[in-house]
Amino acid sequence: MPTLHVRNGDITTIAVDAIVNAANSALLGGGGVDGAIHRAAGPELLEACRALHGCHTGDAKWTPGFRLPARFVIHTVGPMWNHGLSGEFDLLARCYRRSLEVAAEIGARSVAFPCISTGAFGMPSKESAEVAVATVRAFTGPVDSVTFVTHDEADYERYVRLTSS
Ligand code: AR6
């Protein structure tokens with residue numbers, strides 16, 4: 001199991017091997033954390049994303065980090081909330097698992113995640129945090145450290161509680 005850390009702030013400033021982007025299936029940028037990552041990484045990121053030809057919900061693909069302090073960006077596509085009717089929590093768990101599998105493939109030992117799908121995609125914060133922590137805890141591959149990067153105080157306190165219990 002990776003060592004778990006929690007930070008509140010901007011994921012684009014975190015110096016880890018790989019940060020995870022909460023993207024959409026086109027992988028061509030957007031708002032929220034996706035927009036922040038593209039702005040901070042520079043226009044080369046969009047060019048690299050074009051070459052990936054999109055990504056399915058629950059899957060993950062990687063690019064270099066370009067101008068970011070992180071060496072890699074792992075782009076994953078979370079589910080859109082549909083009142084729990086579309087297997088959203090399973091898909092969300094797949095995002096965390098696939099991102100860690102990709103990290104292991106590219107030799108990224110330290111990984112930072114945002115709260116995937118809990119912004120524009122509308123997933124409930126509490127249950128999504130529980131899925132995130134349980135899925136990362138269950139990962140047995142060669143990733144040493146995972147940082148959950150929250151963007152508001154309530155999420156921060158939730159992750160601190162979940163990771164210390
Ligand atoms: N650092 C860390 N977390 C952040 C940052 C940041 N700089 N900015 C926002 N968050 P969202 P989603 C948090 O909407 O729900 C995009 O347009 C935010 O507070 O970024 O997966 C994509 O292109 C929230 O907790 O992603 C897709 O179309 C979390 O990141 C769509 O939104 C996720 O919010 C994906 O929606």
# chains A, B, ... in the order shown; residues from 1 in each chain; ligands from 1
>>> residues_around(residues="A:Thr3", least_positions_apart="5", cutoff="10 Å", atoms="only C-alpha atoms", output="list in words")
Ser110, Val136, Arg137, Val143, Asp144, Ser145, Val146, Thr147 and Thr163 of chain A
>>> write_last_selection(atoms="C-alpha atoms", output="short mmCIF file (atom, residue, chain, number, x, y, z; two decimals), in the first residue's frame")
data_model
loop_
_atom_site.label_atom_id
_atom_site.label_comp_id
_atom_site.auth_asym_id
_atom_site.auth_seq_id
_atom_site.Cartn_x
_atom_site.Cartn_y
_atom_site.Cartn_z
CA SER A 110 4.88 9.41 -6.13
CA VAL A 136 -5.64 3.58 -3.32
CA ARG A 137 -5.23 1.57 -0.11
CA VAL A 143 3.85 3.26 -6.11
CA ASP A 144 5.34 4.51 -2.82
CA SER A 145 3.36 7.61 -2.05
CA VAL A 146 -0.04 9.06 -2.93
CA THR A 147 -1.10 12.62 -2.11
CA THR A 163 -6.56 8.48 5.72
#
>>> select_by_dssp(residues="chain A", states="alpha helix (DSSP H)", output="PDB file with C-alpha atoms, in the first residue's frame")
ATOM      1  CA  GLY A  32     -11.583  23.107 -13.254  1.00  0.00           C
ATOM      2  CA  VAL A  33      -8.441  21.176 -12.491  1.00  0.00           C
ATOM      3  CA  ASP A  34      -8.065  20.221 -16.168  1.00  0.00           C
ATOM      4  CA  GLY A  35      -7.893  23.890 -17.185  1.00  0.00           C
ATOM      5  CA  ALA A  36      -5.437  24.673 -14.388  1.00  0.00           C
ATOM      6  CA  ILE A  37      -3.141  21.809 -15.425  1.00  0.00           C
ATOM      7  CA  HIS A  38      -3.156  22.836 -19.093  1.00  0.00           C
ATOM      8  CA  ARG A  39      -2.435  26.478 -18.208  1.00  0.00           C
ATOM      9  CA  ALA A  40       0.456  25.549 -15.938  1.00  0.00           C
ATOM     10  CA  ALA A  41       1.953  22.878 -18.229  1.00  0.00           C
ATOM     11  CA  GLU A  44       2.817  21.435 -25.427  1.00  0.00           C
ATOM     12  CA  LEU A  45       0.439  19.530 -23.175  1.00  0.00           C
ATOM     13  CA  LEU A  46      -2.476  20.011 -25.563  1.00  0.00           C
ATOM     14  CA  GLU A  47      -0.330  18.805 -28.458  1.00  0.00           C
ATOM     15  CA  ALA A  48       0.651  15.686 -26.518  1.00  0.00           C
ATOM     16  CA  CYS A  49      -3.000  15.085 -25.568  1.00  0.00           C
ATOM     17  CA  ARG A  50      -4.121  15.290 -29.205  1.00  0.00           C
ATOM     18  CA  GLU A  88     -20.510   5.631 -11.144  1.00  0.00           C
ATOM     19  CA  PHE A  89     -18.681   4.496  -8.010  1.00  0.00           C
ATOM     20  CA  ASP A  90     -17.221   1.464  -9.800  1.00  0.00           C
ATOM     21  CA  LEU A  91     -16.105   3.710 -12.639  1.00  0.00           C
ATOM     22  CA  LEU A  92     -14.582   6.146 -10.151  1.00  0.00           C
ATOM     23  CA  ALA A  93     -12.668   3.310  -8.476  1.00  0.00           C
ATOM     24  CA  ARG A  94     -11.398   2.259 -11.908  1.00  0.00           C
ATOM     25  CA  CYS A  95     -10.046   5.789 -12.467  1.00  0.00           C
ATOM     26  CA  TYR A  96      -7.949   5.632  -9.307  1.00  0.00           C
ATOM     27  CA  ARG A  97      -6.796   2.056  -9.999  1.00  0.00           C
ATOM     28  CA  ARG A  98      -5.971   2.628 -13.677  1.00  0.00           C
ATOM     29  CA  SER A  99      -4.108   5.838 -12.841  1.00  0.00           C
ATOM     30  CA  LEU A 100      -1.941   3.944 -10.360  1.00  0.00           C
ATOM     31  CA  GLU A 101      -1.363   1.142 -12.872  1.00  0.00           C
ATOM     32  CA  VAL A 102      -0.214   3.696 -15.449  1.00  0.00           C
ATOM     33  CA  ALA A 103       2.003   5.328 -12.809  1.00  0.00           C
ATOM     34  CA  ALA A 104       3.598   1.953 -12.092  1.00  0.00           C
ATOM     35  CA  GLU A 105       4.144   1.344 -15.835  1.00  0.00           C
ATOM     36  CA  ILE A 106       6.018   4.628 -16.293  1.00  0.00           C
ATOM     37  CA  SER A 125     -17.867  14.397  -2.240  1.00  0.00           C
ATOM     38  CA  LYS A 126     -18.186  12.148   0.804  1.00  0.00           C
ATOM     39  CA  GLU A 127     -18.784   8.844  -0.982  1.00  0.00           C
ATOM     40  CA  SER A 128     -16.261   9.706  -3.684  1.00  0.00           C
ATOM     41  CA  ALA A 129     -13.569  10.349  -1.071  1.00  0.00           C
ATOM     42  CA  GLU A 130     -14.332   6.981   0.537  1.00  0.00           C
ATOM     43  CA  VAL A 131     -13.966   5.249  -2.844  1.00  0.00           C
ATOM     44  CA  ALA A 132     -10.732   7.134  -3.557  1.00  0.00           C
ATOM     45  CA  VAL A 133      -9.055   6.206  -0.264  1.00  0.00           C
ATOM     46  CA  ALA A 134     -10.230   2.576  -0.299  1.00  0.00           C
ATOM     47  CA  THR A 135      -9.073   2.058  -3.895  1.00  0.00           C
ATOM     48  CA  VAL A 136      -5.643   3.580  -3.317  1.00  0.00           C
ATOM     49  CA  ARG A 137      -5.225   1.567  -0.106  1.00  0.00           C
ATOM     50  CA  GLU A 153     -11.544  22.771   3.514  1.00  0.00           C
ATOM     51  CA  ALA A 154     -14.438  20.306   3.855  1.00  0.00           C
ATOM     52  CA  ASP A 155     -12.791  17.876   1.443  1.00  0.00           C
ATOM     53  CA  TYR A 156      -9.447  18.391   3.176  1.00  0.00           C
ATOM     54  CA  GLU A 157     -10.879  17.486   6.579  1.00  0.00           C
ATOM     55  CA  ARG A 158     -12.718  14.510   5.072  1.00  0.00           C
ATOM     56  CA  TYR A 159      -9.534  13.102   3.523  1.00  0.00           C
ATOM     57  CA  VAL A 160      -7.505  13.690   6.679  1.00  0.00           C
ATOM     58  CA  ARG A 161     -10.100  11.722   8.645  1.00  0.00           C
ATOM     59  CA  LEU A 162     -10.309   8.902   6.083  1.00  0.00           C
ATOM     60  CA  THR A 163      -6.565   8.483   5.715  1.00  0.00           C
ATOM     61  CA  SER A 164      -5.869   8.479   9.449  1.00  0.00           C
TER      62      SER A 164
END
>>> residues_near_ligand(ligand="ligand 1", cutoff="6 Å", atoms="only C-alpha atoms and all ligand atoms", output="number ranges by chain")
A: 9-11, 22-24, 29-34, 36, 78, 114-122, 149-151
>>> write_last_selection(atoms="C-alpha atoms", output="mmCIF file, in the first residue's frame")
data_model
loop_
_atom_site.group_PDB
_atom_site.id
_atom_site.type_symbol
_atom_site.label_atom_id
_atom_site.label_comp_id
_atom_site.auth_asym_id
_atom_site.auth_seq_id
_atom_site.Cartn_x
_atom_site.Cartn_y
_atom_site.Cartn_z
ATOM 1 C CA GLY A 9 -4.315 23.620 -2.564
ATOM 2 C CA ASP A 10 -3.420 23.702 -6.231
ATOM 3 C CA ILE A 11 -2.279 20.374 -7.669
ATOM 4 C CA ALA A 22 -9.601 14.889 -13.999
ATOM 5 C CA ALA A 23 -10.163 15.218 -17.731
ATOM 6 C CA ASN A 24 -13.018 14.490 -20.125
ATOM 7 C CA GLY A 29 -8.629 20.471 -21.944
ATOM 8 C CA GLY A 30 -11.550 22.058 -20.118
ATOM 9 C CA GLY A 31 -12.315 23.916 -16.894
ATOM 10 C CA GLY A 32 -11.583 23.107 -13.254
ATOM 11 C CA VAL A 33 -8.441 21.176 -12.491
ATOM 12 C CA ASP A 34 -8.065 20.221 -16.168
ATOM 13 C CA ALA A 36 -5.437 24.673 -14.388
ATOM 14 C CA GLY A 78 -14.204 10.188 -14.240
ATOM 15 C CA PRO A 114 -7.395 15.670 -7.299
ATOM 16 C CA CYS A 115 -10.937 14.803 -6.151
ATOM 17 C CA ILE A 116 -11.916 13.237 -9.474
ATOM 18 C CA SER A 117 -15.491 13.882 -10.702
ATOM 19 C CA THR A 118 -16.593 15.922 -7.671
ATOM 20 C CA GLY A 119 -16.636 19.300 -9.483
ATOM 21 C CA ALA A 120 -18.248 19.720 -12.902
ATOM 22 C CA PHE A 121 -19.117 16.011 -13.046
ATOM 23 C CA GLY A 122 -21.167 16.301 -9.858
ATOM 24 C CA VAL A 149 -4.928 17.198 -3.182
ATOM 25 C CA THR A 150 -8.176 18.805 -2.118
ATOM 26 C CA HIS A 151 -9.429 22.186 -3.184
#
>>> atom_distance(atom1="atom CA of A:Ser25", atom2="atom CA of A:Ala51")
13.3 Å
>>> atom_distance(atom1="atom CA of A:Pro2", atom2="atom CA of A:Val111")
9.6 Å
>>> residues_around(residues="A:Val20", least_positions_apart="4", cutoff="6 Å", atoms="only C-alpha atoms", output="PyMOL selection string")
chain A and resi 73-75+113
>>> write_last_selection(atoms="N, CA and C atoms", output="PDB file, in the first residue's frame")
ATOM      1  N   VAL A  73       1.907  13.779 -16.410  1.00  0.00           N
ATOM      2  CA  VAL A  73       0.486  13.956 -16.098  1.00  0.00           C
ATOM      3  C   VAL A  73      -0.226  12.681 -16.529  1.00  0.00           C
ATOM      4  N   ILE A  74      -0.991  12.124 -15.617  1.00  0.00           N
ATOM      5  CA  ILE A  74      -1.825  10.962 -15.944  1.00  0.00           C
ATOM      6  C   ILE A  74      -3.258  11.475 -16.068  1.00  0.00           C
ATOM      7  N   HIS A  75      -3.799  11.351 -17.271  1.00  0.00           N
ATOM      8  CA  HIS A  75      -5.129  11.899 -17.567  1.00  0.00           C
ATOM      9  C   HIS A  75      -6.145  10.771 -17.402  1.00  0.00           C
ATOM     10  N   PHE A 113      -3.376  13.012  -6.621  1.00  0.00           N
ATOM     11  CA  PHE A 113      -4.722  12.963  -7.212  1.00  0.00           C
ATOM     12  C   PHE A 113      -5.545  14.175  -6.799  1.00  0.00           C
TER      13      PHE A 113
END
>>> decode(residues="stretch 42-58 of chain A", atoms="all heavy atoms", output="mmCIF file, in the first residue's frame")
data_model
loop_
_atom_site.group_PDB
_atom_site.id
_atom_site.type_symbol
_atom_site.label_atom_id
_atom_site.label_comp_id
_atom_site.auth_asym_id
_atom_site.auth_seq_id
_atom_site.Cartn_x
_atom_site.Cartn_y
_atom_site.Cartn_z
ATOM 1 N N GLY A 42 1.538 24.424 -20.068
ATOM 2 C CA GLY A 42 1.863 25.092 -21.327
ATOM 3 C C GLY A 42 1.245 24.379 -22.522
ATOM 4 O O GLY A 42 0.715 23.273 -22.404
ATOM 5 N N PRO A 43 1.326 25.006 -23.709
ATOM 6 C CA PRO A 43 0.623 24.495 -24.895
ATOM 7 C C PRO A 43 1.117 23.144 -25.399
ATOM 8 O O PRO A 43 0.406 22.452 -26.116
ATOM 9 C CB PRO A 43 0.859 25.581 -25.956
ATOM 10 C CG PRO A 43 2.001 26.398 -25.444
ATOM 11 C CD PRO A 43 2.012 26.280 -23.953
ATOM 12 N N GLU A 44 2.324 22.760 -25.006
ATOM 13 C CA GLU A 44 2.817 21.435 -25.427
ATOM 14 C C GLU A 44 1.923 20.318 -24.887
ATOM 15 O O GLU A 44 1.831 19.246 -25.498
ATOM 16 C CB GLU A 44 4.245 21.196 -24.928
ATOM 17 C CG GLU A 44 5.269 22.190 -25.453
ATOM 18 C CD GLU A 44 5.520 23.334 -24.481
ATOM 19 O OE1 GLU A 44 4.585 23.710 -23.709
ATOM 20 O OE2 GLU A 44 6.639 23.847 -24.470
ATOM 21 N N LEU A 45 1.289 20.581 -23.752
ATOM 22 C CA LEU A 45 0.439 19.530 -23.175
ATOM 23 C C LEU A 45 -0.728 19.218 -24.101
ATOM 24 O O LEU A 45 -1.067 18.054 -24.315
ATOM 25 C CB LEU A 45 -0.064 19.928 -21.780
ATOM 26 C CG LEU A 45 -0.917 18.863 -21.089
ATOM 27 C CD1 LEU A 45 -0.139 17.561 -20.887
ATOM 28 C CD2 LEU A 45 -1.448 19.355 -19.753
ATOM 29 N N LEU A 46 -1.342 20.237 -24.659
ATOM 30 C CA LEU A 46 -2.476 20.011 -25.563
ATOM 31 C C LEU A 46 -2.029 19.220 -26.788
ATOM 32 O O LEU A 46 -2.717 18.299 -27.231
ATOM 33 C CB LEU A 46 -3.099 21.347 -25.973
ATOM 34 C CG LEU A 46 -4.349 21.252 -26.847
ATOM 35 C CD1 LEU A 46 -5.446 20.441 -26.156
ATOM 36 C CD2 LEU A 46 -4.865 22.649 -27.183
ATOM 37 N N GLU A 47 -0.857 19.546 -27.301
ATOM 38 C CA GLU A 47 -0.330 18.805 -28.458
ATOM 39 C C GLU A 47 -0.127 17.332 -28.105
ATOM 40 O O GLU A 47 -0.490 16.435 -28.877
ATOM 41 C CB GLU A 47 1.005 19.415 -28.923
ATOM 42 C CG GLU A 47 0.843 20.752 -29.614
ATOM 43 C CD GLU A 47 -0.283 20.718 -30.650
ATOM 44 O OE1 GLU A 47 -0.240 19.849 -31.546
ATOM 45 O OE2 GLU A 47 -1.208 21.544 -30.539
ATOM 46 N N ALA A 48 0.428 17.078 -26.944
ATOM 47 C CA ALA A 48 0.651 15.686 -26.518
ATOM 48 C C ALA A 48 -0.686 14.972 -26.315
ATOM 49 O O ALA A 48 -0.828 13.789 -26.638
ATOM 50 C CB ALA A 48 1.473 15.660 -25.231
ATOM 51 N N CYS A 49 -1.685 15.696 -25.796
ATOM 52 C CA CYS A 49 -3.000 15.085 -25.568
ATOM 53 C C CYS A 49 -3.680 14.738 -26.889
ATOM 54 O O CYS A 49 -4.347 13.714 -26.994
ATOM 55 C CB CYS A 49 -3.886 16.030 -24.760
ATOM 56 S SG CYS A 49 -3.488 16.037 -23.006
ATOM 57 N N ARG A 50 -3.517 15.586 -27.889
ATOM 58 C CA ARG A 50 -4.121 15.290 -29.205
ATOM 59 C C ARG A 50 -3.673 13.929 -29.722
ATOM 60 O O ARG A 50 -4.450 13.182 -30.304
ATOM 61 C CB ARG A 50 -3.692 16.340 -30.235
ATOM 62 C CG ARG A 50 -4.466 17.621 -30.170
ATOM 63 C CD ARG A 50 -4.138 18.483 -31.406
ATOM 64 N NE ARG A 50 -4.247 19.898 -31.111
ATOM 65 C CZ ARG A 50 -5.395 20.534 -30.875
ATOM 66 N NH1 ARG A 50 -6.532 19.872 -30.946
ATOM 67 N NH2 ARG A 50 -5.399 21.812 -30.584
ATOM 68 N N ALA A 51 -2.430 13.605 -29.490
ATOM 69 C CA ALA A 51 -1.868 12.340 -29.990
ATOM 70 C C ALA A 51 -2.421 11.119 -29.253
ATOM 71 O O ALA A 51 -2.212 9.987 -29.693
ATOM 72 C CB ALA A 51 -0.347 12.378 -29.871
ATOM 73 N N LEU A 52 -3.136 11.340 -28.148
ATOM 74 C CA LEU A 52 -3.686 10.210 -27.384
ATOM 75 C C LEU A 52 -5.049 9.756 -27.912
ATOM 76 O O LEU A 52 -5.542 8.697 -27.542
ATOM 77 C CB LEU A 52 -3.817 10.583 -25.898
ATOM 78 C CG LEU A 52 -2.517 10.912 -25.175
ATOM 79 C CD1 LEU A 52 -2.806 11.363 -23.745
ATOM 80 C CD2 LEU A 52 -1.569 9.717 -25.172
ATOM 81 N N HIS A 53 -5.688 10.591 -28.730
ATOM 82 C CA HIS A 53 -6.987 10.251 -29.343
ATOM 83 C C HIS A 53 -8.046 9.872 -28.311
ATOM 84 O O HIS A 53 -8.752 8.884 -28.461
ATOM 85 C CB HIS A 53 -6.825 9.139 -30.377
ATOM 86 C CG HIS A 53 -5.856 9.507 -31.463
ATOM 87 N ND1 HIS A 53 -6.112 10.528 -32.370
ATOM 88 C CD2 HIS A 53 -4.623 9.053 -31.750
ATOM 89 C CE1 HIS A 53 -5.081 10.657 -33.178
ATOM 90 N NE2 HIS A 53 -4.157 9.786 -32.813
ATOM 91 N N GLY A 54 -8.137 10.660 -27.269
ATOM 92 C CA GLY A 54 -9.208 10.498 -26.294
ATOM 93 C C GLY A 54 -8.968 9.352 -25.321
ATOM 94 O O GLY A 54 -7.948 8.654 -25.372
ATOM 95 N N CYS A 55 -9.949 9.195 -24.421
ATOM 96 C CA CYS A 55 -9.812 8.210 -23.341
ATOM 97 C C CYS A 55 -11.221 7.860 -22.860
ATOM 98 O O CYS A 55 -12.077 8.741 -22.746
ATOM 99 C CB CYS A 55 -8.998 8.841 -22.204
ATOM 100 S SG CYS A 55 -8.639 7.755 -20.821
ATOM 101 N N HIS A 56 -11.446 6.584 -22.592
ATOM 102 C CA HIS A 56 -12.765 6.168 -22.101
ATOM 103 C C HIS A 56 -12.911 6.478 -20.609
ATOM 104 O O HIS A 56 -11.919 6.482 -19.867
ATOM 105 C CB HIS A 56 -12.965 4.671 -22.315
ATOM 106 C CG HIS A 56 -13.067 4.289 -23.745
ATOM 107 N ND1 HIS A 56 -14.112 4.710 -24.548
ATOM 108 C CD2 HIS A 56 -12.265 3.552 -24.547
ATOM 109 C CE1 HIS A 56 -13.951 4.229 -25.768
ATOM 110 N NE2 HIS A 56 -12.827 3.538 -25.801
ATOM 111 N N THR A 57 -14.133 6.640 -20.169
ATOM 112 C CA THR A 57 -14.419 6.804 -18.741
ATOM 113 C C THR A 57 -13.858 5.596 -17.974
ATOM 114 O O THR A 57 -14.058 4.453 -18.388
ATOM 115 C CB THR A 57 -15.943 6.907 -18.518
ATOM 116 O OG1 THR A 57 -16.439 8.010 -19.278
ATOM 117 C CG2 THR A 57 -16.273 7.095 -17.048
ATOM 118 N N GLY A 58 -13.136 5.886 -16.907
ATOM 119 C CA GLY A 58 -12.562 4.819 -16.081
ATOM 120 C C GLY A 58 -11.165 4.401 -16.507
ATOM 121 O O GLY A 58 -10.516 3.630 -15.811
#
